[in-house]
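Chemist: Quick one: structure below, then a few questions.
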Amino acid sequence: MTAMTQTEKTGARTDEAATLIGGARERIDSLDDRIIGLIQERMAVSAVIQEARISSGGRRVNLTREMEVLGHYRDALGKPGTALAMTMLELCRGRI
Ligand SMILES: C=C(O[C@@H]1C=C(C(=O)O)C=C[C@H]1O)C(=O)O
């Protein structure tokens, strides 16, 4: 089987569009790597907070604070921001 051309890979109908899409996809892959790294960093910081609270006799989850986090994402990104924040909170503290 022959290799796919850039035009086939990107779905573009011209070489010019295929080149633009190829370059923009590289930027997206790089942004996704950074976003994943930031989420992993957030998970580690969140774990420190949760462990400190549990060690002090408190509960893992603090719903008042989670409402603040959800509001922050909703204000910035609209309704899908809430869904994104809920997934992120689940990554950081597990399912409740
Ligand atoms: C990190 C905390 O603990 C938990 C995890 C949260 C988070 O990852 O943002 C928020 C609230 C808590 O349920 C916190 O209280 O700040």
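In the structure tokens, the first chain shown is A, the next is B, and so on; residue numbers restart at 1 for each chain, and ligands run from 1 in the order shown.
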Considering only C-alpha atoms and all ligand atoms, tabulate each residue of chain A that lies at most 12 Å from ligand 1 along with its nearest interatomic pair and the corresponding distance in Å to one decimal; arrange the rows by chain and ascending residue number and present them as a Markdown table.

Modeler:
```
| residue | atom | partner | partner_atom_place_in_ligand_line | distance |
| --- | --- | --- | --- | --- |
| A:Ile39 | CA | ligand 1 | 8 (O) | 10.0 |
| A:Gln40 | CA | ligand 1 | 8 (O) | 11.1 |
| A:Glu41 | CA | ligand 1 | 8 (O) | 10.8 |
| A:Arg42 | CA | ligand 1 | 8 (O) | 7.2 |
| A:Met43 | CA | ligand 1 | 8 (O) | 6.7 |
| A:Ala44 | CA | ligand 1 | 8 (O) | 9.2 |
| A:Val45 | CA | ligand 1 | 1 (C) | 7.1 |
| A:Ser46 | CA | ligand 1 | 1 (C) | 4.0 |
| A:Ala47 | CA | ligand 1 | 1 (C) | 6.7 |
| A:Val48 | CA | ligand 1 | 1 (C) | 7.6 |
| A:Ile49 | CA | ligand 1 | 1 (C) | 5.1 |
| A:Gln50 | CA | ligand 1 | 3 (O) | 4.9 |
| A:Glu51 | CA | ligand 1 | 3 (O) | 8.7 |
| A:Ala52 | CA | ligand 1 | 3 (O) | 9.5 |
| A:Arg53 | CA | ligand 1 | 15 (O) | 8.0 |
| A:Ile54 | CA | ligand 1 | 3 (O) | 9.9 |
| A:Gly58 | CA | ligand 1 | 15 (O) | 10.4 |
| A:Arg59 | CA | ligand 1 | 13 (O) | 8.5 |
| A:Arg60 | CA | ligand 1 | 4 (C) | 6.2 |
| A:Val61 | CA | ligand 1 | 13 (O) | 3.4 |
| A:Asn62 | CA | ligand 1 | 13 (O) | 3.9 |
| A:Leu63 | CA | ligand 1 | 13 (O) | 5.6 |
| A:Thr64 | CA | ligand 1 | 11 (C) | 7.4 |
| A:Arg65 | CA | ligand 1 | 11 (C) | 4.9 |
| A:Glu66 | CA | ligand 1 | 11 (C) | 4.6 |
| A:Met67 | CA | ligand 1 | 11 (C) | 8.3 |
| A:Glu68 | CA | ligand 1 | 10 (C) | 8.6 |
| A:Val69 | CA | ligand 1 | 9 (O) | 6.3 |
| A:Leu70 | CA | ligand 1 | 9 (O) | 9.0 |
| A:Gly71 | CA | ligand 1 | 9 (O) | 11.7 |
| A:His72 | CA | ligand 1 | 9 (O) | 10.9 |
| A:Tyr73 | CA | ligand 1 | 9 (O) | 11.4 |
| A:Ala85 | CA | ligand 1 | 9 (O) | 8.9 |
| A:Met86 | CA | ligand 1 | 9 (O) | 9.7 |
| A:Thr87 | CA | ligand 1 | 8 (O) | 10.4 |
| A:Met88 | CA | ligand 1 | 8 (O) | 7.4 |
| A:Leu89 | CA | ligand 1 | 8 (O) | 5.1 |
| A:Glu90 | CA | ligand 1 | 8 (O) | 8.0 |
| A:Leu91 | CA | ligand 1 | 8 (O) | 8.0 |
| A:Cys92 | CA | ligand 1 | 8 (O) | 4.9 |
| A:Arg93 | CA | ligand 1 | 5 (C) | 5.6 |
| A:Gly94 | CA | ligand 1 | 5 (C) | 9.2 |
| A:Arg95 | CA | ligand 1 | 13 (O) | 10.5 |
| A:Ile96 | CA | ligand 1 | 13 (O) | 9.5 |
```

Chemist: Give me, please, the distance in Å between atom CA of A:Glu26 and atom CA of A:Ala83, quoted to one decimal.

Modeler: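 Taking atom CA of A:Glu26 and atom CA of A:Ala83, their separation equals 26.2 Å.
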
Chemist: Between atom CA of A:Thr19 and atom CA of A:Gly37, what is the distance, to one decimal in Å?

Modeler: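 Computed distance, atom CA of A:Thr19 to atom CA of A:Gly37, equals 27.6 Å.
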
Chemist: Within 12 Å of stretch 21-23 of chain A, counting only C-alpha atoms, which residues show up once you throw out same-chain ones fewer than 6 positions away? Write them as a PyMOL selection string, please.

Modeler: chain A and resi 5-15+29-30

Chemist: Please dump the current selection as a compact mmCIF listing (two decimals), in the first residue's frame; keep N, CA and C atoms.

Modeler:
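result.txt, freshly written:
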```txt
# COMPACT_ATOMS: atom_id res chain seq x y z
N THR A 5 -1.06 10.87 1.08
CA THR A 5 -0.52 12.21 0.85
C THR A 5 -1.03 13.14 1.96
N GLN A 6 -0.35 14.29 2.09
CA GLN A 6 -0.78 15.29 3.08
C GLN A 6 -2.24 15.70 2.83
N THR A 7 -2.60 15.79 1.55
CA THR A 7 -3.96 16.20 1.21
C THR A 7 -4.96 15.16 1.71
N GLU A 8 -4.63 13.87 1.51
CA GLU A 8 -5.54 12.81 2.00
C GLU A 8 -5.61 12.82 3.53
N LYS A 9 -4.45 12.99 4.17
CA LYS A 9 -4.41 12.97 5.64
C LYS A 9 -5.23 14.08 6.27
N THR A 10 -5.22 15.25 5.63
CA THR A 10 -5.87 16.41 6.25
C THR A 10 -7.31 16.61 5.80
N GLY A 11 -7.69 15.97 4.70
CA GLY A 11 -9.03 16.17 4.16
C GLY A 11 -9.13 17.42 3.31
N ALA A 12 -8.01 18.14 3.14
CA ALA A 12 -8.03 19.37 2.32
C ALA A 12 -8.09 19.01 0.84
N ARG A 13 -8.52 19.96 0.04
CA ARG A 13 -8.63 19.71 -1.40
C ARG A 13 -7.54 20.40 -2.20
N THR A 14 -6.72 21.20 -1.51
CA THR A 14 -5.60 21.84 -2.21
C THR A 14 -4.33 21.64 -1.38
N ASP A 15 -3.18 21.66 -2.05
CA ASP A 15 -1.90 21.53 -1.34
C ASP A 15 -1.71 22.68 -0.34
N ASP A 29 -1.06 19.61 18.55
CA ASP A 29 -0.45 18.48 19.28
C ASP A 29 0.44 19.00 20.40
N SER A 30 1.17 20.09 20.10
CA SER A 30 2.06 20.66 21.11
C SER A 30 1.24 21.30 22.25
```

Chemist: Looking only at helix (DSSP H, G or I) from DSSP on the backbone, list the matching residues of chain A as a ChimeraX atom specification.

Modeler: /A:6-10,15-55,63-77,79-93
